[in-house]
>>> print(open('input_23.tsv').read())   # TSV, C-alpha atoms
chain	number	residue	atom	x	y	z
A	1	MET	CA	-7.49	16.10	11.62
A	2	SER	CA	-4.19	15.73	9.80
A	3	VAL	CA	-4.18	19.34	8.64
A	4	ALA	CA	-2.86	22.23	10.76
A	5	ILE	CA	-4.34	25.62	9.93
A	6	LEU	CA	-2.40	28.66	11.12
A	7	HIS	CA	-3.59	32.21	11.03
A	8	GLN	CA	-0.81	34.64	10.25
A	9	GLY	CA	-1.54	38.28	9.55
A	10	ASP	CA	-3.87	38.49	6.56
A	11	TYR	CA	-3.20	34.90	5.59
A	12	LEU	CA	-4.25	31.38	6.47
A	13	ILE	CA	-1.63	28.66	6.15
A	14	ALA	CA	-3.00	25.11	5.91
A	15	SER	CA	-0.35	22.50	6.22
A	16	ILE	CA	-1.39	18.97	5.27
A	17	GLN	CA	0.52	16.50	7.46
A	18	SER	CA	-0.30	13.19	5.80
A	19	ASP	CA	-2.38	11.49	3.13
A	20	LEU	CA	-6.03	12.51	3.50
A	21	THR	CA	-9.27	10.64	2.90
A	22	ASP	CA	-11.79	12.24	0.54
A	23	SER	CA	-13.97	13.26	3.50
A	24	GLN	CA	-11.01	14.98	5.17
A	25	VAL	CA	-10.30	16.88	1.95
A	26	LEU	CA	-13.92	18.10	1.85
A	27	ARG	CA	-13.77	19.05	5.53
A	28	LEU	CA	-10.62	21.09	4.82
A	29	ARG	CA	-12.47	22.90	2.02
A	30	ASP	CA	-15.38	23.82	4.31
A	31	GLU	CA	-13.11	24.78	7.19
A	32	LEU	CA	-11.04	27.12	5.00
A	33	ALA	CA	-14.14	28.77	3.49
A	34	GLU	CA	-15.46	29.43	6.98
A	35	ARG	CA	-12.13	30.70	8.33
A	36	VAL	CA	-11.57	33.11	5.42
A	37	GLY	CA	-14.67	34.96	6.60
A	38	ARG	CA	-13.93	34.68	10.32
A	39	HIS	CA	-10.35	35.99	10.05
A	40	ARG	CA	-11.03	38.28	7.08
A	41	ALA	CA	-8.10	36.57	5.40
A	42	ARG	CA	-6.82	37.91	2.09
A	43	GLY	CA	-4.94	34.79	1.13
A	44	ILE	CA	-4.69	31.04	1.73
A	45	ILE	CA	-1.54	28.97	1.44
A	46	ILE	CA	-1.99	25.19	1.26
A	47	ASP	CA	1.12	23.10	1.79
A	48	VAL	CA	0.70	19.71	0.09
A	49	GLY	CA	4.36	18.66	0.47
A	50	ALA	CA	3.36	15.66	2.60
A	51	MET	CA	0.95	14.32	-0.02
A	52	ASP	CA	2.37	11.46	-2.08
A	53	VAL	CA	-0.66	11.34	-4.35
A	54	VAL	CA	-2.77	14.17	-5.71
A	55	ASP	CA	-5.41	12.47	-7.81
A	56	SER	CA	-8.23	14.07	-9.80
A	57	PHE	CA	-10.46	14.35	-6.74
A	58	VAL	CA	-7.85	16.14	-4.62
A	59	ALA	CA	-6.84	18.38	-7.53
A	60	ARG	CA	-10.46	19.30	-8.16
A	61	SER	CA	-11.00	19.96	-4.44
A	62	LEU	CA	-7.96	22.27	-4.30
A	63	ARG	CA	-9.39	24.17	-7.23
A	64	SER	CA	-12.77	24.36	-5.56
A	65	ILE	CA	-11.13	25.77	-2.41
A	66	ALA	CA	-9.54	28.45	-4.61
A	67	VAL	CA	-12.86	29.28	-6.31
A	68	THR	CA	-14.71	29.46	-2.98
A	69	ALA	CA	-11.99	31.59	-1.37
A	70	LYS	CA	-11.94	33.92	-4.37
A	71	LEU	CA	-15.68	34.56	-3.92
A	72	ARG	CA	-14.87	35.53	-0.36
A	73	GLY	CA	-12.06	37.85	-1.43
A	74	ALA	CA	-9.02	35.65	-0.87
A	75	ASP	CA	-6.44	34.19	-3.24
A	76	THR	CA	-5.16	30.63	-2.86
A	77	VAL	CA	-1.63	29.40	-3.46
A	78	VAL	CA	-0.63	25.72	-3.26
A	79	VAL	CA	2.96	25.00	-2.27
A	80	GLY	CA	5.15	21.91	-2.06
A	81	ILE	CA	3.84	19.89	-5.00
A	82	GLN	CA	6.42	17.11	-5.40
A	83	PRO	CA	7.93	16.69	-8.89
A	84	ASP	CA	6.50	13.17	-9.33
A	85	VAL	CA	3.09	14.38	-8.13
A	86	ALA	CA	3.22	17.18	-10.70
A	87	ILE	CA	3.95	14.65	-13.45
A	88	ALA	CA	0.92	12.59	-12.40
A	89	MET	CA	-1.35	15.67	-12.17
A	90	VAL	CA	-0.59	16.64	-15.75
A	91	GLN	CA	-2.19	13.37	-16.94
A	92	PHE	CA	-5.62	14.52	-15.80
A	93	GLU	CA	-5.63	17.54	-18.13
A	94	LEU	CA	-7.38	19.53	-15.43
A	95	ASN	CA	-7.97	23.23	-15.57
A	96	LEU	CA	-6.85	24.36	-12.11
A	97	ASP	CA	-7.59	28.06	-12.60
A	98	PRO	CA	-7.77	30.23	-10.35
A	99	LEU	CA	-5.53	28.07	-8.20
A	100	ARG	CA	-1.95	29.35	-8.03
A	101	ALA	CA	1.16	27.36	-7.22
A	102	ALA	CA	4.50	28.30	-5.70
A	103	LEU	CA	7.57	26.31	-4.72
A	104	ASP	CA	7.53	27.12	-1.02
A	105	ILE	CA	5.79	29.21	1.63
A	106	ASP	CA	8.16	32.19	1.26
A	107	GLU	CA	7.46	32.38	-2.45
A	108	ALA	CA	3.71	32.02	-1.82
A	109	LEU	CA	3.79	34.86	0.74
A	110	ALA	CA	5.64	37.07	-1.75
A	111	GLU	CA	3.06	36.28	-4.42
A	112	LEU	CA	0.12	37.01	-2.09
A	113	ASN	CA	1.71	40.29	-0.96
A	114	GLN	CA	2.13	41.29	-4.57
A	115	LEU	CA	-1.52	40.44	-5.34
A	116	ALA	CA	-2.63	42.49	-2.33
A	117	THR	CA	-0.61	45.52	-3.46
A	118	ARG	CA	-2.01	45.21	-6.97
A	119	SER	CA	-5.64	45.03	-5.85
A	120	SER	CA	-5.31	47.91	-3.37
A	121	GLY	CA	-3.82	49.91	-6.25
A	122	ASP	CA	-6.93	49.12	-8.30
A	123	GLU	CA	-9.20	50.50	-5.64
A	124	ARG	CA	-7.59	53.91	-5.68
B	125	MET	CA	7.89	-13.89	-5.93
B	126	ASN	CA	4.70	-14.33	-3.94
B	127	ASP	CA	3.96	-10.72	-3.30
B	128	GLU	CA	0.25	-10.42	-3.99
B	129	ILE	CA	-1.56	-7.67	-2.11
B	130	HIS	CA	-5.27	-7.51	-1.65
B	131	VAL	CA	-7.11	-4.38	-0.53
B	132	ARG	CA	-10.82	-4.44	0.13
B	133	ILE	CA	-12.49	-1.22	-1.00
B	134	ALA	CA	-15.71	-0.32	0.84
B	135	SER	CA	-15.39	3.39	1.65
B	136	ASP	CA	-13.28	6.42	0.79
B	137	GLU	CA	-11.11	5.62	3.82
B	138	ASP	CA	-9.86	2.49	2.05
B	139	LEU	CA	-8.20	4.60	-0.64
B	140	VAL	CA	-5.49	5.66	1.81
B	141	PRO	CA	-4.11	2.13	2.45
B	142	ALA	CA	-4.65	1.23	-1.25
B	143	ARG	CA	-2.38	4.10	-2.31
B	144	ALA	CA	0.20	3.29	0.40
B	145	GLU	CA	0.30	-0.44	-0.50
B	146	ALA	CA	0.67	0.39	-4.20
B	147	ARG	CA	3.60	2.68	-3.53
B	148	ALA	CA	5.28	0.18	-1.20
B	149	LEU	CA	4.95	-2.68	-3.71
B	150	ALA	CA	6.23	-0.48	-6.57
B	151	ASP	CA	9.24	0.48	-4.41
B	152	ARG	CA	9.97	-3.19	-3.61
B	153	LEU	CA	9.81	-4.06	-7.31
B	154	GLY	CA	12.38	-1.40	-8.16
B	155	PHE	CA	10.11	1.13	-9.82
B	156	SER	CA	11.28	4.76	-9.80
B	157	ARG	CA	9.66	7.18	-7.36
B	158	THR	CA	7.80	8.82	-10.23
B	159	ASP	CA	6.41	5.52	-11.54
B	160	ALA	CA	5.40	4.52	-8.00
B	161	THR	CA	3.45	7.78	-7.77
B	162	LEU	CA	1.79	7.24	-11.16
B	163	ILE	CA	0.72	3.71	-10.12
B	164	ALA	CA	-0.58	4.89	-6.73
B	165	THR	CA	-2.52	7.71	-8.43
B	166	ALA	CA	-4.09	5.33	-10.98
B	167	ILE	CA	-5.13	2.96	-8.18
B	168	SER	CA	-6.64	5.86	-6.27
B	169	GLU	CA	-8.79	6.75	-9.29
B	170	ILE	CA	-10.16	3.27	-9.92
B	171	ALA	CA	-10.69	2.65	-6.21
B	172	ARG	CA	-12.73	5.84	-5.97
B	173	ASN	CA	-14.72	4.76	-9.02
B	174	ILE	CA	-15.65	1.60	-7.12
B	175	VAL	CA	-16.69	3.57	-4.02
B	176	VAL	CA	-18.73	6.14	-5.96
B	177	HIS	CA	-20.44	3.88	-8.48
B	178	VAL	CA	-20.74	0.49	-6.80
B	179	GLY	CA	-19.96	0.93	-3.12
B	180	GLU	CA	-17.57	-1.96	-2.71
B	181	GLY	CA	-15.06	-4.06	-4.54
B	182	ASP	CA	-11.55	-5.47	-4.45
B	183	ILE	CA	-8.14	-4.42	-5.63
B	184	VAL	CA	-5.36	-6.92	-6.12
B	185	MET	CA	-1.81	-5.88	-6.98
B	186	ARG	CA	0.95	-8.27	-7.94
B	187	PRO	CA	4.30	-8.35	-9.66
B	188	VAL	CA	4.48	-9.74	-13.18
B	189	TYR	CA	7.48	-10.90	-15.18
B	190	ASN	CA	7.34	-11.74	-18.85
B	191	ASP	CA	9.20	-11.00	-22.02
B	192	HIS	CA	12.28	-10.14	-19.88
B	193	ARG	CA	10.66	-7.27	-18.12
B	194	TYR	CA	9.17	-6.62	-14.70
B	195	GLY	CA	5.85	-4.98	-14.14
B	196	LEU	CA	3.10	-4.42	-11.64
B	197	VAL	CA	-0.43	-5.59	-12.43
B	198	VAL	CA	-3.49	-4.15	-10.74
B	199	VAL	CA	-6.84	-5.91	-10.95
B	200	ALA	CA	-9.86	-3.99	-9.67
B	201	SER	CA	-13.15	-5.84	-9.59
B	202	ASP	CA	-16.66	-5.14	-8.43
B	203	ALA	CA	-20.02	-6.85	-8.67
B	204	GLY	CA	-21.95	-3.74	-9.64
B	205	VAL	CA	-24.32	-3.03	-12.51
B	206	GLY	CA	-21.52	-2.68	-15.03
B	207	ILE	CA	-20.55	0.29	-17.17
B	208	ARG	CA	-23.28	0.96	-19.71
B	209	ASP	CA	-21.37	3.13	-22.15
B	210	LEU	CA	-17.75	2.08	-22.07
B	211	ASP	CA	-16.54	4.41	-24.84
B	212	ASN	CA	-18.00	7.37	-23.03
B	213	ALA	CA	-16.65	6.24	-19.65
B	214	LEU	CA	-13.16	6.21	-21.16
B	215	SER	CA	-13.38	9.67	-22.65
B	216	ASN	CA	-12.50	12.80	-20.69
B	217	GLY	CA	-15.34	14.68	-19.09
B	218	TYR	CA	-17.94	11.92	-19.08
B	219	ALA	CA	-19.31	12.07	-15.57
B	220	SER	CA	-22.21	9.92	-14.45
B	221	ARG	CA	-23.10	10.30	-10.74
B	222	GLY	CA	-21.21	13.30	-9.39
B	223	GLY	CA	-17.81	12.31	-10.67
B	224	LEU	CA	-15.59	14.52	-12.73
B	225	GLY	CA	-15.19	12.02	-15.54
B	226	LEU	CA	-11.41	12.07	-15.24
B	227	GLY	CA	-10.98	8.87	-13.26
B	228	LEU	CA	-10.87	6.15	-15.89
B	229	PRO	CA	-9.21	8.10	-18.71
B	230	GLY	CA	-6.73	9.50	-16.17
B	231	ALA	CA	-5.89	6.03	-14.84
B	232	ARG	CA	-5.49	4.76	-18.39
B	233	ARG	CA	-2.96	7.49	-19.19
B	234	LEU	CA	-1.03	6.86	-15.98
B	235	MET	CA	-0.50	3.15	-16.75
B	236	ASP	CA	1.05	1.34	-19.73
B	237	GLU	CA	-1.72	-1.18	-20.33
B	238	PHE	CA	-5.37	-0.85	-19.44
B	239	GLU	CA	-8.25	-3.23	-20.06
B	240	ILE	CA	-11.87	-3.21	-18.95
B	241	GLU	CA	-14.31	-6.08	-18.93
B	242	THR	CA	-17.80	-5.15	-17.98
B	243	GLU	CA	-21.06	-7.02	-18.04
B	244	ARG	CA	-24.47	-5.62	-17.28
B	245	ASP	CA	-25.61	-6.47	-13.72
B	246	LYS	CA	-22.55	-8.71	-13.26
B	247	GLY	CA	-19.84	-6.20	-12.60
B	248	THR	CA	-16.65	-4.70	-13.91
B	249	THR	CA	-13.04	-5.81	-13.88
B	250	ILE	CA	-10.22	-3.44	-14.73
B	251	THR	CA	-6.77	-4.86	-15.35
B	252	MET	CA	-3.92	-2.41	-15.70
B	253	THR	CA	-0.17	-2.83	-15.88
B	254	LYS	CA	2.86	-0.61	-15.51
B	255	TRP	CA	6.21	-1.88	-16.81
B	256	ARG	CA	9.48	-0.95	-15.18
B	257	PHE	CA	11.00	1.79	-17.29
B	258	ARG	CA	14.60	0.60	-17.10
B	259	ASP	CA	13.58	-2.83	-18.45
B	260	GLU	CA	11.96	-1.06	-21.38
B	261	LEU	CA	15.23	0.78	-22.04
B	262	GLU	CA	17.20	-2.46	-21.86
B	263	ARG	CA	14.80	-4.09	-24.30
B	264	LEU	CA	15.19	-1.25	-26.76
B	265	ARG	CA	18.97	-1.45	-26.46
B	266	GLU	CA	18.89	-5.20	-26.95
B	267	ARG	CA	16.76	-4.83	-30.06
B	268	ARG	CA	19.11	-2.25	-31.50
B	269	ARG	CA	22.11	-4.51	-30.93
B	270	GLN	CA	20.29	-7.32	-32.75
B	271	GLY	CA	18.87	-5.22	-35.54
>>> encode(input="input_23.tsv", output="structure tokens")
Amino acid sequence: MSVAILHQGDYLIASIQSDLTDSQVLRLRDELAERVGRHRARGIIIDVGAMDVVDSFVARSLRSIAVTAKLRGADTVVVGIQPDVAIAMVQFELNLDPLRAALDIDEALAELNQLATRSSGDER
Amino acid sequence: MNDEIHVRIASDEDLVPARAEARALADRLGFSRTDATLIATAISEIARNIVVHVGEGDIVMRPVYNDHRYGLVVVASDAGVGIRDLDNALSNGYASRGGLGLGLPGARRLMDEFEIETERDKGTTITMTKWRFRDELERLRERRRQG
């Protein structure tokens, strides 16, 4: 599969290496949902920097990964959206909530750490 | 310029080469990176529509030159049952069979011109065009000089 999934601490980092078929996108969704449980991950980072096109199907699938992960206790951050891809995505007027976006992996890690601190604060 | 590209669409796997061919042709024709992405995204949407609703069809892309401007024309055709309610199909959120209802209206917004011909039990043909932005600017400038 043209996606590498790394497990690092509390987080899963899925790095998409090339354009994906719709079936590969769905497989990624299922794989991440399963791994969130297996690794007890608190966050998922999906790097889409290698994707030249994010159409409505891919955008909706990313959102559905975020919704699924949220139900399993993990937040999802997408990184590496190219500027031209962002311009195209806007045309679909999609609601991507609760999907978050960050410029790069460092920023995404910072955001996930912050979310983790906030939610552990809530529990006290 | 004989630069016509034909991509047969019969499964979701065919969307990958369709997007790549669209981008490559747009690059060759001097479109900006952003416009190449918009064209490739629009093609991805209509190609998926073919796969989901009909199963198979064809996409032809070719350069077009008229009125002193360059463009890229995409013709997507299938021999399916046709689109019953065209107005609805072109409005956001209308999803028949498991789609999200963003495909056609999204593709229309991504391109400059968009036309659908559909006939019941005969099929559907979508013709859409993107014009090269810098030609549009030159045309506007030309018009201002004249006017």
>>> closest_atom_pairs(input="input_23.tsv", of="chain A", to="chain B", cutoff="10 Å", atoms="only C-alpha atoms", output="CSV")
residue,atom,partner,partner_atom,distance
A:Ser18,CA,B:Val140,CA,10.0
A:Asp19,CA,B:Val140,CA,6.7
A:Leu20,CA,B:Val140,CA,7.1
A:Thr21,CA,B:Glu137,CA,5.4
A:Asp22,CA,B:Asp136,CA,6.0
A:Ser23,CA,B:Asp136,CA,7.4
A:Gln24,CA,B:Glu137,CA,9.5
A:Asp52,CA,B:Thr161,CA,6.9
A:Val53,CA,B:Thr165,CA,5.8
A:Val54,CA,B:Thr165,CA,7.0
A:Asp55,CA,B:Thr165,CA,5.6
A:Ser56,CA,B:Leu226,CA,6.6
A:Phe57,CA,B:Leu224,CA,7.9
A:Arg60,CA,B:Leu224,CA,8.4
A:Gln82,CA,B:Thr158,CA,9.7
A:Pro83,CA,B:Thr158,CA,8.0
A:Asp84,CA,B:Thr158,CA,4.6
A:Val85,CA,B:Thr161,CA,6.6
A:Ala86,CA,B:Thr158,CA,9.5
A:Ile87,CA,B:Thr158,CA,7.7
A:Ala88,CA,B:Leu162,CA,5.6
A:Met89,CA,B:Thr165,CA,8.9
A:Val90,CA,B:Gly230,CA,9.4
A:Gln91,CA,B:Gly230,CA,6.0
A:Phe92,CA,B:Gly230,CA,5.2
A:Glu93,CA,B:Gly230,CA,8.3
A:Leu94,CA,B:Leu226,CA,8.5
>>> atom_distance(input="input_23.tsv", atom1="CA of Ala148 (chain B)", atom2="CA of Ala4 (chain A)")
26.4 Å
>>> residues_around(input="input_23.tsv", residues="His130 (chain B)", least_positions_apart="4", cutoff="8 Å", atoms="all atoms listed in the file", output="PyMOL selection string")
chain B and resi 182-185
>>> residues_around(input="input_23.tsv", residues="Arg244 (chain B)", least_positions_apart="6", cutoff="10 Å", atoms="only C-alpha atoms", output="PyMOL selection string")
chain B and resi 203-208
>>> closest_residue(input="input_23.tsv", among="B:Arg152, B:Arg132, B:His177, B:Arg186", to="Lys254 (chain B)", atoms="all atoms listed in the file")
B:Arg186
>>> atom_distance(input="input_23.tsv", atom1="CA of Ala102 (chain A)", atom2="CA of Gly80 (chain A)")
7.4 Å
>>> atom_distance(input="input_23.tsv", atom1="CA of His192 (chain B)", atom2="CA of Glu237 (chain B)")
16.6 Å
>>> residues_around(input="input_23.tsv", residues="Arg42 (chain A)", least_positions_apart="6", cutoff="9 Å", atoms="all atoms listed in the file", output="PyMOL selection string")
chain A and resi 10-12+36+69+72-76+112+116
>>> residues_around(input="input_23.tsv", residues="Glu239 (chain B)", least_positions_apart="6", cutoff="10 Å", atoms="only C-alpha atoms", output="ChimeraX atom specification")
/B:199,232,249-253
>>> closest_residue(input="input_23.tsv", among="A:Glu31, A:Val77, A:Thr68, A:Ala59", to="Leu109 (chain A)", atoms="all atoms listed in the file")
A:Val77
>>> residues_near_point(input="input_23.tsv", point="(0.9, 28.6, -7.2)", cutoff="8 Å", atoms="all atoms listed in the file", output="list of chain:residue names")
A:Thr76, A:Val77, A:Val78, A:Val79, A:Leu99, A:Arg100, A:Ala101, A:Ala102, A:Leu103, A:Ala108
>>> write_last_selection(input="input_23.tsv", atoms="C-alpha atoms", output="mmCIF file, keeping the file's coordinate frame")
data_model
loop_
_atom_site.group_PDB
_atom_site.id
_atom_site.type_symbol
_atom_site.label_atom_id
_atom_site.label_comp_id
_atom_site.auth_asym_id
_atom_site.auth_seq_id
_atom_site.Cartn_x
_atom_site.Cartn_y
_atom_site.Cartn_z
ATOM 1 C CA THR A 76 -5.160 30.630 -2.860
ATOM 2 C CA VAL A 77 -1.630 29.400 -3.460
ATOM 3 C CA VAL A 78 -0.630 25.720 -3.260
ATOM 4 C CA VAL A 79 2.960 25.000 -2.270
ATOM 5 C CA LEU A 99 -5.530 28.070 -8.200
ATOM 6 C CA ARG A 100 -1.950 29.350 -8.030
ATOM 7 C CA ALA A 101 1.160 27.360 -7.220
ATOM 8 C CA ALA A 102 4.500 28.300 -5.700
ATOM 9 C CA LEU A 103 7.570 26.310 -4.720
ATOM 10 C CA ALA A 108 3.710 32.020 -1.820
#
>>> closest_residue(input="input_23.tsv", among="A:Thr117, A:Glu34, A:Gly9, A:Ala14", to="Gly49 (chain A)", atoms="only C-alpha atoms")
A:Ala14
>>> closest_residue(input="input_23.tsv", among="B:Lys246, B:Arg269, B:Arg258, B:Arg263", to="Asp202 (chain B)", atoms="all atoms listed in the file")
B:Lys246
>>> decode(input="input_23.tsv", residues="region 10-24 of chain A", atoms="N, CA and C atoms", output="CSV table (one decimal), in the first residue's frame")
chain,number,residue,atom,x,y,z
A,10,ASP,N,2.2,8.2,21.7
A,10,ASP,CA,0.7,8.1,21.8
A,10,ASP,C,0.1,8.3,20.4
A,11,TYR,N,0.9,8.5,19.4
A,11,TYR,CA,0.4,9.0,18.1
A,11,TYR,C,0.7,8.0,17.0
A,12,LEU,N,-0.3,8.1,16.0
A,12,LEU,CA,0.0,7.3,14.7
A,12,LEU,C,0.2,8.4,13.6
A,13,ILE,N,1.3,8.1,12.8
A,13,ILE,CA,1.6,9.0,11.8
A,13,ILE,C,1.4,8.3,10.4
A,14,ALA,N,0.4,8.7,9.7
A,14,ALA,CA,0.2,8.0,8.4
A,14,ALA,C,0.7,8.9,7.3
A,15,SER,N,1.6,8.4,6.5
A,15,SER,CA,2.2,9.3,5.5
A,15,SER,C,1.9,8.7,4.1
A,16,ILE,N,1.1,9.5,3.4
A,16,ILE,CA,0.6,9.0,2.1
A,16,ILE,C,1.7,9.3,1.1
A,17,GLN,N,2.1,8.2,0.3
A,17,GLN,CA,3.3,8.4,-0.5
A,17,GLN,C,3.0,8.8,-2.0
A,18,SER,N,1.8,8.5,-2.4
A,18,SER,CA,1.4,8.8,-3.8
A,18,SER,C,-0.1,8.9,-3.9
A,19,ASP,N,-0.5,9.3,-5.1
A,19,ASP,CA,-2.0,9.3,-5.3
A,19,ASP,C,-2.6,8.0,-5.0
A,20,LEU,N,-3.8,8.0,-4.4
A,20,LEU,CA,-4.4,6.8,-3.9
A,20,LEU,C,-5.7,6.5,-4.7
A,21,THR,N,-6.0,5.3,-4.9
A,21,THR,CA,-7.4,5.0,-5.5
A,21,THR,C,-8.4,5.1,-4.4
A,22,ASP,N,-9.7,5.1,-4.7
A,22,ASP,CA,-10.7,5.3,-3.7
A,22,ASP,C,-10.7,4.1,-2.7
A,23,SER,N,-10.4,2.9,-3.3
A,23,SER,CA,-10.4,1.7,-2.4
A,23,SER,C,-9.2,1.8,-1.4
A,24,GLN,N,-8.1,2.3,-1.9
A,24,GLN,CA,-6.9,2.5,-0.9
A,24,GLN,C,-7.3,3.5,0.2
